[in-house]
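Note: the block below is start-v3.csv and it holds CSV, C-alpha atoms.
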```
chain,number,residue,atom,x,y,z
A,1,MET,CA,11.6,12.6,-8.7
A,2,THR,CA,8.8,15.2,-9.2
A,3,ILE,CA,6.2,16.8,-6.9
A,4,TYR,CA,2.9,17.7,-8.5
A,5,CYS,CA,0.6,20.4,-7.4
A,6,GLN,CA,-2.4,22.4,-8.7
A,7,HIS,CA,-2.6,26.1,-9.1
A,8,ALA,CA,-5.5,28.4,-10.0
A,9,ASN,CA,-4.8,30.6,-13.0
A,10,ARG,CA,-7.3,32.7,-15.0
A,11,GLY,CA,-10.3,30.6,-14.2
A,12,LYS,CA,-8.5,27.3,-14.9
A,13,THR,CA,-6.7,24.9,-12.6
A,14,GLN,CA,-3.2,24.1,-13.7
A,15,ILE,CA,-1.3,21.0,-12.8
A,16,LEU,CA,2.4,21.8,-12.3
A,17,ALA,CA,5.4,19.5,-12.2
A,18,VAL,CA,8.0,20.7,-9.7
A,19,TYR,CA,11.5,19.2,-9.7
A,20,ARG,CA,15.2,19.8,-9.0
A,21,ASP,CA,16.9,21.5,-11.9
A,22,GLY,CA,20.6,21.4,-11.0
A,23,GLY,CA,21.0,23.4,-7.8
A,24,ASP,CA,17.7,25.1,-8.3
A,25,VAL,CA,14.0,24.1,-8.3
A,26,GLY,CA,12.2,24.2,-11.6
A,27,SER,CA,8.6,23.7,-12.7
A,28,SER,CA,6.6,23.2,-15.8
A,29,THR,CA,2.9,23.1,-16.6
A,30,VAL,CA,1.6,19.6,-17.3
A,31,THR,CA,-1.9,20.6,-18.3
A,32,SER,CA,-5.0,22.7,-17.3
A,33,LEU,CA,-8.4,21.6,-16.2
A,34,ASP,CA,-11.7,23.4,-15.7
A,35,SER,CA,-12.0,22.7,-12.0
A,36,PRO,CA,-9.9,21.8,-9.0
A,37,ASP,CA,-12.2,18.8,-8.4
A,38,LEU,CA,-11.0,17.3,-11.6
A,39,ALA,CA,-7.4,18.1,-11.0
A,40,ALA,CA,-7.1,16.9,-7.4
A,41,PRO,CA,-7.4,13.1,-8.1
A,42,VAL,CA,-4.9,13.4,-11.0
A,43,VAL,CA,-2.4,15.3,-8.8
A,44,GLU,CA,-2.8,12.8,-6.0
A,45,ALA,CA,-2.2,9.8,-8.3
A,46,LEU,CA,0.8,11.4,-10.0
A,47,ASN,CA,2.4,12.1,-6.6
A,48,ARG,CA,2.0,8.5,-5.5
A,49,ILE,CA,3.4,7.3,-8.8
A,50,SER,CA,6.4,9.6,-8.6
A,51,ALA,CA,7.2,8.5,-5.1
A,52,LEU,CA,6.6,4.8,-5.7
A,53,ALA,CA,8.8,4.9,-8.8
A,54,THR,CA,11.6,7.0,-7.4
A,55,VAL,CA,12.1,5.8,-3.8
A,56,PRO,CA,13.2,2.2,-4.6
A,57,VAL,CA,16.0,3.5,-6.9
A,58,SER,CA,17.1,6.0,-4.4
A,59,ILE,CA,18.0,3.7,-1.5
A,60,PHE,CA,20.0,0.6,-1.0
A,61,ASP,CA,18.8,-3.0,-0.4
A,62,GLU,CA,20.5,-3.8,2.9
A,63,ARG,CA,19.0,-7.2,3.6
A,64,GLU,CA,21.4,-9.9,4.8
A,65,ARG,CA,24.0,-7.3,5.7
A,66,ARG,CA,24.8,-6.4,2.1
A,67,VAL,CA,24.5,-3.2,0.1
A,68,ALA,CA,22.8,-3.7,-3.3
A,69,SER,CA,20.5,-1.8,-5.6
A,70,TYR,CA,16.8,-2.4,-5.9
A,71,PRO,CA,15.5,-3.4,-9.4
A,72,THR,CA,14.4,-0.7,-11.9
A,73,GLU,CA,12.0,-2.9,-13.9
A,74,HIS,CA,9.0,-1.2,-12.3
A,75,LEU,CA,9.8,2.0,-14.3
A,76,ALA,CA,8.6,0.4,-17.5
A,77,ALA,CA,5.0,0.4,-16.1
A,78,LEU,CA,4.9,4.2,-16.2
A,79,THR,CA,4.7,4.2,-19.9
A,80,ASP,CA,3.9,0.7,-21.1
A,81,ARG,CA,0.5,-0.7,-20.0
A,82,THR,CA,1.5,-4.2,-20.9
A,83,ALA,CA,4.3,-3.9,-18.3
A,84,ARG,CA,1.9,-3.3,-15.5
A,85,ALA,CA,1.2,-7.1,-15.2
A,86,ASP,CA,4.9,-7.5,-14.3
A,87,LEU,CA,4.3,-5.4,-11.2
A,88,LEU,CA,2.2,-8.3,-9.8
A,89,SER,CA,4.5,-11.2,-10.6
A,90,GLY,CA,7.9,-10.6,-9.0
A,91,ALA,CA,9.4,-12.1,-5.8
A,92,HIS,CA,12.4,-9.9,-5.2
A,93,SER,CA,11.5,-9.0,-1.6
A,94,LEU,CA,8.5,-8.3,0.5
A,95,TRP,CA,9.1,-4.6,0.5
A,96,TYR,CA,9.9,-4.1,-3.2
A,97,GLU,CA,7.0,-6.2,-4.3
A,98,SER,CA,4.7,-4.3,-2.0
A,99,VAL,CA,5.9,-1.1,-3.6
A,100,CYS,CA,5.2,-2.6,-7.0
A,101,LEU,CA,1.7,-3.6,-5.9
A,102,GLU,CA,1.0,0.0,-4.7
A,103,LEU,CA,2.4,1.4,-7.9
A,104,HIS,CA,0.0,-0.8,-9.9
A,105,GLN,CA,-2.9,0.5,-7.8
A,106,ALA,CA,-1.7,4.1,-8.2
A,107,LEU,CA,-1.6,3.7,-12.0
A,108,ALA,CA,-5.1,2.3,-12.0
A,109,ASP,CA,-6.3,5.2,-9.9
A,110,LEU,CA,-4.7,7.6,-12.4
A,111,ASP,CA,-6.7,5.8,-15.1
A,112,ASP,CA,-9.9,6.4,-13.2
A,113,ALA,CA,-9.1,10.1,-12.7
A,114,LEU,CA,-8.3,10.6,-16.3
A,115,ALA,CA,-11.5,8.9,-17.4
A,116,ALA,CA,-13.3,12.1,-16.3
A,117,VAL,CA,-11.2,14.6,-18.2
A,118,PRO,CA,-10.9,15.6,-21.9
A,119,GLN,CA,-8.7,13.6,-24.3
A,120,PRO,CA,-6.0,16.4,-24.6
A,121,VAL,CA,-5.5,16.3,-20.8
A,122,ARG,CA,-5.0,12.5,-20.9
A,123,VAL,CA,-2.4,12.9,-23.7
A,124,ALA,CA,-0.6,15.6,-21.7
A,125,VAL,CA,-0.5,13.5,-18.5
A,126,GLU,CA,0.8,10.5,-20.5
A,127,ALA,CA,3.5,12.7,-22.0
A,128,GLU,CA,4.4,13.8,-18.4
A,129,LEU,CA,4.9,10.2,-17.3
A,130,GLU,CA,7.1,9.6,-20.3
A,131,THR,CA,9.2,12.6,-19.4
A,132,GLU,CA,9.4,11.5,-15.8
A,133,ALA,CA,10.4,7.9,-16.6
A,134,ARG,CA,12.9,8.9,-19.3
A,135,GLU,CA,14.7,11.5,-17.3
A,136,LEU,CA,14.8,9.3,-14.2
A,137,ARG,CA,16.4,6.4,-16.3
A,138,ASP,CA,18.9,8.9,-17.8
A,139,THR,CA,20.0,10.3,-14.5
A,140,LEU,CA,20.3,6.7,-13.1
A,141,ALA,CA,22.5,5.7,-16.0
A,142,GLU,CA,24.6,8.8,-15.4
A,143,SER,CA,25.0,7.9,-11.8
A,144,THR,CA,25.7,4.2,-12.1
A,145,GLU,CA,27.2,3.8,-15.5
A,146,ALA,CA,28.8,7.2,-16.1
A,147,ILE,CA,26.6,7.7,-19.2
A,148,PRO,CA,26.1,11.4,-19.7
A,149,ALA,CA,22.5,12.5,-19.6
A,150,PRO,CA,21.1,13.9,-22.9
A,151,GLU,CA,21.2,17.6,-23.3
A,152,GLY,CA,17.9,19.2,-22.5
A,153,ASN,CA,17.2,17.0,-19.5
A,154,ARG,CA,16.1,19.2,-16.6
A,155,ARG,CA,15.2,16.9,-13.8
A,156,SER,CA,17.9,16.1,-11.3
A,157,TRP,CA,18.1,13.1,-9.0
A,158,ASP,CA,20.2,12.4,-5.9
A,159,HIS,CA,20.6,9.0,-4.3
A,160,GLU,CA,19.0,8.9,-0.8
A,161,GLN,CA,17.3,12.3,-1.5
A,162,PRO,CA,14.3,11.6,-3.7
A,163,PHE,CA,12.4,14.7,-4.6
A,164,VAL,CA,8.9,13.5,-3.8
A,165,PRO,CA,6.1,14.5,-1.4
A,166,TYR,CA,7.0,14.2,2.3
A,167,GLY,CA,6.5,10.5,3.2
A,168,GLY,CA,5.8,9.7,-0.4
A,169,GLY,CA,2.1,9.6,0.4
A,170,SER,CA,2.4,6.0,1.7
A,171,PRO,CA,3.5,4.5,5.0
A,172,LEU,CA,5.1,1.7,2.9
A,173,LEU,CA,7.9,4.0,1.8
A,174,SER,CA,9.1,4.7,5.3
A,175,THR,CA,12.3,3.3,6.6
A,176,THR,CA,10.4,1.7,9.4
A,177,ALA,CA,8.1,-0.2,7.1
A,178,ARG,CA,10.9,-1.4,4.9
A,179,GLU,CA,13.0,-2.6,7.9
A,180,GLN,CA,10.0,-4.4,9.4
A,181,LEU,CA,9.3,-6.3,6.1
A,182,ASP,CA,13.0,-7.1,5.8
A,183,ARG,CA,13.0,-8.6,9.2
A,184,GLN,CA,10.0,-10.7,8.3
A,185,GLU,CA,11.9,-12.4,5.5
A,186,GLU,CA,15.1,-13.1,7.4
A,187,GLY,CA,16.1,-16.7,7.0
A,188,LEU,CA,13.5,-17.6,4.4
A,189,THR,CA,14.2,-19.7,1.4
A,190,ALA,CA,13.4,-18.3,-2.1
A,191,GLU,CA,10.3,-20.5,-2.1
A,192,GLN,CA,9.1,-19.2,1.2
A,193,ARG,CA,9.7,-15.6,0.3
A,194,ALA,CA,7.7,-16.1,-3.0
A,195,ASP,CA,4.8,-17.6,-0.9
A,196,ALA,CA,5.0,-14.7,1.5
A,197,VAL,CA,4.9,-12.1,-1.3
A,198,ALA,CA,1.9,-13.9,-2.9
A,199,ASN,CA,0.1,-13.9,0.5
A,200,LEU,CA,0.8,-10.2,1.0
A,201,ARG,CA,-0.7,-9.5,-2.5
A,202,VAL,CA,-3.9,-11.3,-1.5
A,203,LEU,CA,-4.2,-9.3,1.7
A,204,VAL,CA,-3.5,-5.9,0.1
A,205,THR,CA,-5.8,-6.6,-2.9
A,206,ALA,CA,-8.6,-7.7,-0.6
A,207,PHE,CA,-8.3,-4.5,1.5
A,208,GLU,CA,-8.2,-2.2,-1.5
A,209,GLN,CA,-11.2,-3.8,-3.1
A,210,SER,CA,-13.3,-3.6,0.1
A,211,SER,CA,-15.2,-0.6,1.4
A,212,THR,CA,-13.4,-0.7,4.8
A,213,ALA,CA,-11.1,2.3,4.3
A,214,ASP,CA,-13.8,4.5,2.8
A,215,ALA,CA,-16.1,3.6,5.7
A,216,GLY,CA,-13.4,4.6,8.2
A,217,SER,CA,-13.8,1.3,9.9
A,218,GLY,CA,-10.3,-0.2,9.5
A,219,PHE,CA,-6.9,0.0,8.0
A,220,PHE,CA,-4.1,-2.2,6.5
A,221,SER,CA,-0.8,-2.4,8.4
A,222,VAL,CA,2.1,-3.3,6.2
A,223,GLU,CA,4.5,-3.7,9.1
A,224,TYR,CA,2.9,-6.9,10.5
A,225,PRO,CA,1.1,-7.4,7.9
A,226,GLU,CA,-2.5,-7.5,8.8
A,227,ILE,CA,-5.9,-5.9,8.3
A,228,PHE,CA,-7.5,-4.3,11.4
A,229,ALA,CA,-11.2,-3.6,11.3
A,230,GLU,CA,-13.1,-1.9,14.1
A,231,PRO,CA,-16.6,-0.8,13.0
A,232,HIS,CA,-18.5,1.7,15.1
A,233,ASN,CA,-21.0,0.5,17.7
A,234,ALA,CA,-19.5,-3.0,17.8
A,235,ASN,CA,-19.5,-3.5,21.5
A,236,HIS,CA,-15.7,-3.0,21.8
A,237,LEU,CA,-15.0,-5.8,19.3
A,238,PHE,CA,-12.5,-5.7,16.5
A,239,LEU,CA,-11.4,-8.1,13.8
A,240,THR,CA,-7.9,-8.8,12.4
A,241,ILE,CA,-6.9,-10.8,9.3
A,242,ARG,CA,-3.3,-12.0,9.2
A,243,VAL,CA,-1.2,-13.7,6.5
A,244,PRO,CA,0.4,-17.1,7.3
A,245,GLU,CA,3.7,-17.2,9.1
A,246,PRO,CA,6.3,-18.4,6.5
A,247,ASP,CA,7.8,-20.8,9.1
A,248,GLY,CA,7.3,-22.0,12.6
A,249,GLU,CA,4.3,-23.6,14.3
A,250,ASP,CA,1.6,-21.7,12.5
A,251,ALA,CA,3.3,-21.8,9.1
A,252,GLY,CA,0.8,-21.8,6.2
A,253,ALA,CA,-2.3,-20.9,8.1
A,254,TRP,CA,-4.3,-17.7,7.6
A,255,SER,CA,-5.9,-16.2,10.7
A,256,ILE,CA,-9.1,-14.3,11.0
A,257,GLU,CA,-9.6,-13.4,14.7
A,258,ILE,CA,-12.3,-11.5,16.6
A,259,CYS,CA,-11.1,-9.9,19.8
A,260,ARG,CA,-12.6,-7.7,22.4
A,261,TRP,CA,-11.1,-4.6,24.1
A,262,GLU,CA,-11.0,-5.2,27.9
A,263,PRO,CA,-10.4,-2.2,30.1
A,264,ASP,CA,-7.2,-2.1,32.0
A,265,ASN,CA,-9.1,-0.4,34.8
A,266,PRO,CA,-11.9,-2.7,35.9
A,267,ALA,CA,-13.9,0.3,37.1
A,268,GLU,CA,-14.4,1.3,33.5
A,269,GLU,CA,-16.3,-1.9,32.6
A,270,GLY,CA,-19.5,-1.1,30.8
A,271,GLU,CA,-18.5,2.4,29.7
A,272,ASP,CA,-18.6,3.4,26.0
A,273,GLU,CA,-14.9,4.3,26.0
A,274,TYR,CA,-11.9,3.1,28.0
A,275,SER,CA,-8.9,5.2,29.0
A,276,SER,CA,-6.7,2.2,28.1
A,277,ALA,CA,-7.5,-1.4,27.1
A,278,THR,CA,-6.0,-4.7,26.0
A,279,GLY,CA,-7.3,-6.8,23.2
A,280,GLU,CA,-8.4,-10.3,24.3
A,281,PRO,CA,-9.2,-13.1,21.8
A,282,VAL,CA,-12.9,-14.2,21.4
A,283,LEU,CA,-12.6,-16.6,18.5
A,284,GLU,CA,-10.5,-17.5,15.5
A,285,CYS,CA,-10.9,-18.9,12.0
A,286,ARG,CA,-7.8,-20.6,10.7
A,287,LEU,CA,-7.6,-21.6,7.0
A,288,THR,CA,-5.0,-22.9,4.6
A,289,ASN,CA,-6.1,-20.8,1.7
A,290,ALA,CA,-7.7,-17.4,1.4
A,291,SER,CA,-9.4,-15.8,-1.6
A,292,PRO,CA,-9.1,-12.0,-2.0
A,293,ASP,CA,-12.8,-11.9,-3.1
A,294,ASP,CA,-13.9,-13.8,0.1
A,295,ILE,CA,-11.9,-11.5,2.3
A,296,THR,CA,-13.2,-8.4,0.4
A,297,ASP,CA,-16.8,-9.6,0.9
A,298,LEU,CA,-16.2,-10.2,4.6
A,299,LEU,CA,-14.8,-6.7,5.1
A,300,SER,CA,-17.4,-4.9,3.0
A,301,ARG,CA,-20.2,-6.7,4.8
A,302,LEU,CA,-18.8,-5.7,8.1
A,303,ALA,CA,-18.3,-2.0,7.0
A,304,ALA,CA,-21.9,-1.9,5.8
A,305,GLU,CA,-23.4,-3.8,8.8
A,306,PRO,CA,-21.3,-3.2,12.0
A,307,GLY,CA,-23.8,-5.2,14.0
A,308,LEU,CA,-22.5,-8.3,12.4
A,309,LEU,CA,-19.4,-8.4,14.5
A,310,PRO,CA,-21.2,-9.0,17.9
A,311,GLN,CA,-23.3,-11.7,16.0
A,312,TRP,CA,-20.2,-13.3,14.6
A,313,ALA,CA,-18.5,-13.2,18.1
A,314,GLU,CA,-21.2,-15.7,19.3
A,315,THR,CA,-20.4,-18.3,16.6
A,316,GLU,CA,-19.4,-21.8,17.9
A,317,VAL,CA,-16.6,-24.0,16.7
A,318,GLY,CA,-17.4,-25.7,13.4
A,319,ASP,CA,-19.9,-23.0,12.4
A,320,PRO,CA,-19.3,-20.3,9.8
A,321,LEU,CA,-19.4,-16.6,10.5
A,322,ALA,CA,-22.9,-15.8,9.3
A,323,GLY,CA,-23.0,-15.0,5.5
A,324,THR,CA,-19.3,-15.9,5.0
A,325,LYS,CA,-17.2,-18.9,4.0
A,326,PHE,CA,-15.0,-18.7,7.1
A,327,PHE,CA,-15.5,-21.4,9.8
A,328,VAL,CA,-14.6,-21.0,13.4
A,329,THR,CA,-11.8,-23.2,14.6
A,330,LYS,CA,-11.2,-22.0,18.1
A,331,VAL,CA,-13.3,-20.1,20.7
A,332,SER,CA,-11.7,-18.3,23.6
A,333,ARG,CA,-14.6,-16.4,25.2
```
Is it possible to give me this structure as structure tokens?
Amino acid sequence: MTIYCQHANRGKTQILAVYRDGGDVGSSTVTSLDSPDLAAPVVEALNRISALATVPVSIFDERERRVASYPTEHLAALTDRTARADLLSGAHSLWYESVCLELHQALADLDDALAAVPQPVRVAVEAELETEARELRDTLAESTEAIPAPEGNRRSWDHEQPFVPYGGGSPLLSTTAREQLDRQEEGLTAEQRADAVANLRVLVTAFEQSSTADAGSGFFSVEYPEIFAEPHNANHLFLTIRVPEPDGEDAGAWSIEICRWEPDNPAEEGEDEYSSATGEPVLECRLTNASPDDITDLLSRLAAEPGLLPQWAETEVGDPLAGTKFFVTKVSR
């Protein structure tokens, strides 16, 4: 329920916590650093943590035409390192467990940012997380259980109005993403939902460990969910990685597919760019199990060597994509 920012002051860079204080907006200094370059990754991670911690407790779980609250157990991870493992072991819902996964990553990113700063700064940031978690719990208890918040608490919270950066710094926190993930689990049994959550964790972990995002050659779409990779100079080819469908004809099968953009206007054939195009399948690898390390390796190799995609596109059924553990099961070219 806090927005973090940095501010130059007398040759230092201050990190400020900005929050609602009753009907006003208040602020306090978290710490100071010698340069904005050191402060920026700390501020970015704190804002993600604030949003990922606050948004789930600020909205209703409306799956199956009900109105319920999302869990609050994720708040423990803000101050207890041993509780971070719990962020990766739940099966409440696709959306909530995705938030927990991103929160785990944001906390890890904060650790990385703090590794480059002096010890007093690390202590100050840890104290800030303790304040954020404590006052959020206190205001939740006041709202849901009519337990008065302790005197001295300054940060206010309003249901459905979380005070976090616009969009929370993550597409996952949007209403659209939540509703899409809720639709994906409609009609699933508890076991199927747990499998779907586990598969989503594999996909997200693989993408975050790869160099795809840093190379600007792909993105992860939580709405579907899938990884989309389109390296430069790949002859209009792109690659997608999709988790198994929890039910139906393709239940239990991962899909790695190479497709080619075909111009909607045939006159544009052979040009470097098309005004509009449709993706047509070239080949597919279907597999029953997927390792995050294997997917990470595939994506990182592709980001480093874009020329691999045209080479992979020529692979025949039964052969592996060169340098990977994925075998082609269908060719459509």
_Give me, as an NGL selection string, all polymer residues having an atom no more than 10 Å from A:Ala290, counting only C-alpha atoms and skipping those fewer than 2 positions away in the same chain._
:A and (199 or 202-203 or 206 or 243 or 253-255 or 286-288 or 292-295 or 325-326)
Just the selected residues (C-alpha atoms), exported as an mmCIF file, keeping the file's coordinate frame, please.
```cif
data_model
loop_
_atom_site.group_PDB
_atom_site.id
_atom_site.type_symbol
_atom_site.label_atom_id
_atom_site.label_comp_id
_atom_site.auth_asym_id
_atom_site.auth_seq_id
_atom_site.Cartn_x
_atom_site.Cartn_y
_atom_site.Cartn_z
ATOM 1 C CA ASN A 199 0.100 -13.900 0.500
ATOM 2 C CA VAL A 202 -3.900 -11.300 -1.500
ATOM 3 C CA LEU A 203 -4.200 -9.300 1.700
ATOM 4 C CA ALA A 206 -8.600 -7.700 -0.600
ATOM 5 C CA VAL A 243 -1.200 -13.700 6.500
ATOM 6 C CA ALA A 253 -2.300 -20.900 8.100
ATOM 7 C CA TRP A 254 -4.300 -17.700 7.600
ATOM 8 C CA SER A 255 -5.900 -16.200 10.700
ATOM 9 C CA ARG A 286 -7.800 -20.600 10.700
ATOM 10 C CA LEU A 287 -7.600 -21.600 7.000
ATOM 11 C CA THR A 288 -5.000 -22.900 4.600
ATOM 12 C CA PRO A 292 -9.100 -12.000 -2.000
ATOM 13 C CA ASP A 293 -12.800 -11.900 -3.100
ATOM 14 C CA ASP A 294 -13.900 -13.800 0.100
ATOM 15 C CA ILE A 295 -11.900 -11.500 2.300
ATOM 16 C CA LYS A 325 -17.200 -18.900 4.000
ATOM 17 C CA PHE A 326 -15.000 -18.700 7.100
#
```
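With distances restricted to all atoms listed in the file, A:Asp182 is the closest residue to A:Leu94 from A:Glu151, A:Glu273, A:Glu208, A:Asp182.
Separating atom CA of A:Val222 from atom CA of A:Ala177 is a distance of 6.8 Å.
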Sorted by chain and rising residue number, which residues of stretch 114-187 of chain A lie within 10 Å of stretch 21-29 of chain A, and what are their closest atom pairs and distances in Å to one decimal, counting all atoms listed in the file, as JSON lines?
```
{"residue": "A:Ala124", "atom": "CA", "partner": "A:Thr29", "partner_atom": "CA", "distance": 9.7}
{"residue": "A:Glu128", "atom": "CA", "partner": "A:Thr29", "partner_atom": "CA", "distance": 9.6}
{"residue": "A:Asn153", "atom": "CA", "partner": "A:Asp21", "partner_atom": "CA", "distance": 8.8}
{"residue": "A:Arg154", "atom": "CA", "partner": "A:Asp21", "partner_atom": "CA", "distance": 5.3}
{"residue": "A:Arg155", "atom": "CA", "partner": "A:Asp21", "partner_atom": "CA", "distance": 5.3}
{"residue": "A:Ser156", "atom": "CA", "partner": "A:Asp21", "partner_atom": "CA", "distance": 5.5}
{"residue": "A:Trp157", "atom": "CA", "partner": "A:Gly22", "partner_atom": "CA", "distance": 8.9}
```
*asked:* Need to verify the contact set: A:Ile256, 7 Å, only C-alpha atoms, exclusion of same-chain residues closer than 5 positions in sequence. Can you return it as a PyMOL selection string?
replied: chain A and resi 240-242+284-286
Selection export as a compact mmCIF listing (two decimals), keeping the file's coordinate frame, atoms kept: C-alpha atoms:
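Contents of selection15.txt, as written:
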```
# COMPACT_ATOMS: atom_id res chain seq x y z
CA THR A 240 -7.90 -8.80 12.40
CA ILE A 241 -6.90 -10.80 9.30
CA ARG A 242 -3.30 -12.00 9.20
CA GLU A 284 -10.50 -17.50 15.50
CA CYS A 285 -10.90 -18.90 12.00
CA ARG A 286 -7.80 -20.60 10.70
```
*With only C-alpha atoms counted, which protein, DNA or RNA residues have an atom no more than 12 Å from (19.8, 12.7, -25.2) in the file frame? Please answer as a PyMOL selection string.*
chain A and resi 134-135+137-139+141-142+147-154
Go ahead and write the residues just picked, C-alpha atoms, as a PDB file, in the frame of the given file.
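The new file selection10.pdb reads:
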```pdb
ATOM      1  CA  ARG A 134      12.900   8.900 -19.300  1.00  0.00           C
ATOM      2  CA  GLU A 135      14.700  11.500 -17.300  1.00  0.00           C
ATOM      3  CA  ARG A 137      16.400   6.400 -16.300  1.00  0.00           C
ATOM      4  CA  ASP A 138      18.900   8.900 -17.800  1.00  0.00           C
ATOM      5  CA  THR A 139      20.000  10.300 -14.500  1.00  0.00           C
ATOM      6  CA  ALA A 141      22.500   5.700 -16.000  1.00  0.00           C
ATOM      7  CA  GLU A 142      24.600   8.800 -15.400  1.00  0.00           C
ATOM      8  CA  ILE A 147      26.600   7.700 -19.200  1.00  0.00           C
ATOM      9  CA  PRO A 148      26.100  11.400 -19.700  1.00  0.00           C
ATOM     10  CA  ALA A 149      22.500  12.500 -19.600  1.00  0.00           C
ATOM     11  CA  PRO A 150      21.100  13.900 -22.900  1.00  0.00           C
ATOM     12  CA  GLU A 151      21.200  17.600 -23.300  1.00  0.00           C
ATOM     13  CA  GLY A 152      17.900  19.200 -22.500  1.00  0.00           C
ATOM     14  CA  ASN A 153      17.200  17.000 -19.500  1.00  0.00           C
ATOM     15  CA  ARG A 154      16.100  19.200 -16.600  1.00  0.00           C
TER      16      ARG A 154
END
```
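All polymer residues at most 6 Å from (-1.4, 18.4, -18.8), using all atoms listed in the file, appear as Val30, Thr31, Ser32, Val121, Ala124 and Val125 of chain A.
The smallest atom-to-atom distance between A:Pro165 and any of A:Ala45, A:Leu38, A:Phe327, A:Glu230, using all atoms listed in the file, is found for A:Ala45.
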Please report, as a tab-separated table, each residue of stretch 207-274 of chain A lying at most 12 Å from stretch 304-309 of chain A, together with the nearest pair of atoms and the separation in Å rounded to one decimal; use all atoms listed in the file, and order rows by chain and ascending residue number.
```
residue	atom	partner	partner_atom	distance
A:Ser210	CA	A:Ala304	CA	10.5
A:Ser211	CA	A:Ala304	CA	8.1
A:Thr212	CA	A:Ala304	CA	8.6
A:Ala213	CA	A:Ala304	CA	11.7
A:Asp214	CA	A:Ala304	CA	10.8
A:Ala215	CA	A:Ala304	CA	8.0
A:Gly216	CA	A:Ala304	CA	11.0
A:Ser217	CA	A:Pro306	CA	9.0
A:Gly218	CA	A:Pro306	CA	11.7
A:Ala229	CA	A:Leu309	CA	10.0
A:Glu230	CA	A:Pro306	CA	8.6
A:Pro231	CA	A:Pro306	CA	5.4
A:His232	CA	A:Pro306	CA	6.4
A:Asn233	CA	A:Pro306	CA	6.8
A:Ala234	CA	A:Pro306	CA	6.1
A:Asn235	CA	A:Leu309	CA	8.5
A:His236	CA	A:Leu309	CA	9.8
A:Leu237	CA	A:Leu309	CA	7.0
A:Phe238	CA	A:Leu309	CA	7.7
A:Leu239	CA	A:Leu309	CA	8.0
A:Thr240	CA	A:Leu309	CA	11.7
A:Glu257	CA	A:Leu309	CA	11.0
A:Ile258	CA	A:Leu309	CA	8.0
A:Cys259	CA	A:Leu309	CA	10.0
A:Arg260	CA	A:Leu309	CA	10.4
```
Selected residues, C-alpha atoms, written as a PDB file, in the frame of the given file, please.
```pdb
ATOM      1  CA  SER A 210     -13.300  -3.600   0.100  1.00  0.00           C
ATOM      2  CA  SER A 211     -15.200  -0.600   1.400  1.00  0.00           C
ATOM      3  CA  THR A 212     -13.400  -0.700   4.800  1.00  0.00           C
ATOM      4  CA  ALA A 213     -11.100   2.300   4.300  1.00  0.00           C
ATOM      5  CA  ASP A 214     -13.800   4.500   2.800  1.00  0.00           C
ATOM      6  CA  ALA A 215     -16.100   3.600   5.700  1.00  0.00           C
ATOM      7  CA  GLY A 216     -13.400   4.600   8.200  1.00  0.00           C
ATOM      8  CA  SER A 217     -13.800   1.300   9.900  1.00  0.00           C
ATOM      9  CA  GLY A 218     -10.300  -0.200   9.500  1.00  0.00           C
ATOM     10  CA  ALA A 229     -11.200  -3.600  11.300  1.00  0.00           C
ATOM     11  CA  GLU A 230     -13.100  -1.900  14.100  1.00  0.00           C
ATOM     12  CA  PRO A 231     -16.600  -0.800  13.000  1.00  0.00           C
ATOM     13  CA  HIS A 232     -18.500   1.700  15.100  1.00  0.00           C
ATOM     14  CA  ASN A 233     -21.000   0.500  17.700  1.00  0.00           C
ATOM     15  CA  ALA A 234     -19.500  -3.000  17.800  1.00  0.00           C
ATOM     16  CA  ASN A 235     -19.500  -3.500  21.500  1.00  0.00           C
ATOM     17  CA  HIS A 236     -15.700  -3.000  21.800  1.00  0.00           C
ATOM     18  CA  LEU A 237     -15.000  -5.800  19.300  1.00  0.00           C
ATOM     19  CA  PHE A 238     -12.500  -5.700  16.500  1.00  0.00           C
ATOM     20  CA  LEU A 239     -11.400  -8.100  13.800  1.00  0.00           C
ATOM     21  CA  THR A 240      -7.900  -8.800  12.400  1.00  0.00           C
ATOM     22  CA  GLU A 257      -9.600 -13.400  14.700  1.00  0.00           C
ATOM     23  CA  ILE A 258     -12.300 -11.500  16.600  1.00  0.00           C
ATOM     24  CA  CYS A 259     -11.100  -9.900  19.800  1.00  0.00           C
ATOM     25  CA  ARG A 260     -12.600  -7.700  22.400  1.00  0.00           C
TER      26      ARG A 260
END
```
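Picture a line from atom CA of A:Ala39 to atom CA of A:Leu16; it runs 10.6 Å.
As for atom CA of A:Pro263 and atom CA of A:Phe228, they are spaced 19.0 Å apart.
Proximity of A:Thr175, A:Gly252, A:Ala277, A:Gly323 to A:Glu62, computed with all atoms listed in the file, is greatest for A:Thr175.
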*Non-local contacts of A:Glu316 (10 Å; all atoms listed in the file; under 6 positions in same chain excluded) as a list of chain:residue names*: A:Leu283, A:Phe327, A:Val328, A:Thr329, A:Lys330, A:Val331
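For the choices A:Ile227, A:Leu87, A:Ala53, A:Leu101, the atom-to-atom distance to A:Leu129 is smallest for A:Ala53 when using only C-alpha atoms.
Take the candidates A:Ser170, A:His104, A:Leu299, A:Asn47 and check each one against A:Thr82 using all atoms listed in the file; the shortest distance goes to A:His104.
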*Identify, on the basis of all atoms listed in the file, every residue whose closest approach to A:Thr189 does not exceed 12 Å; exclude the query and any residue fewer than 2 positions from it along the same chain; express the result as number ranges by chain.*
A: 91-93, 185-187, 191-196, 246-247
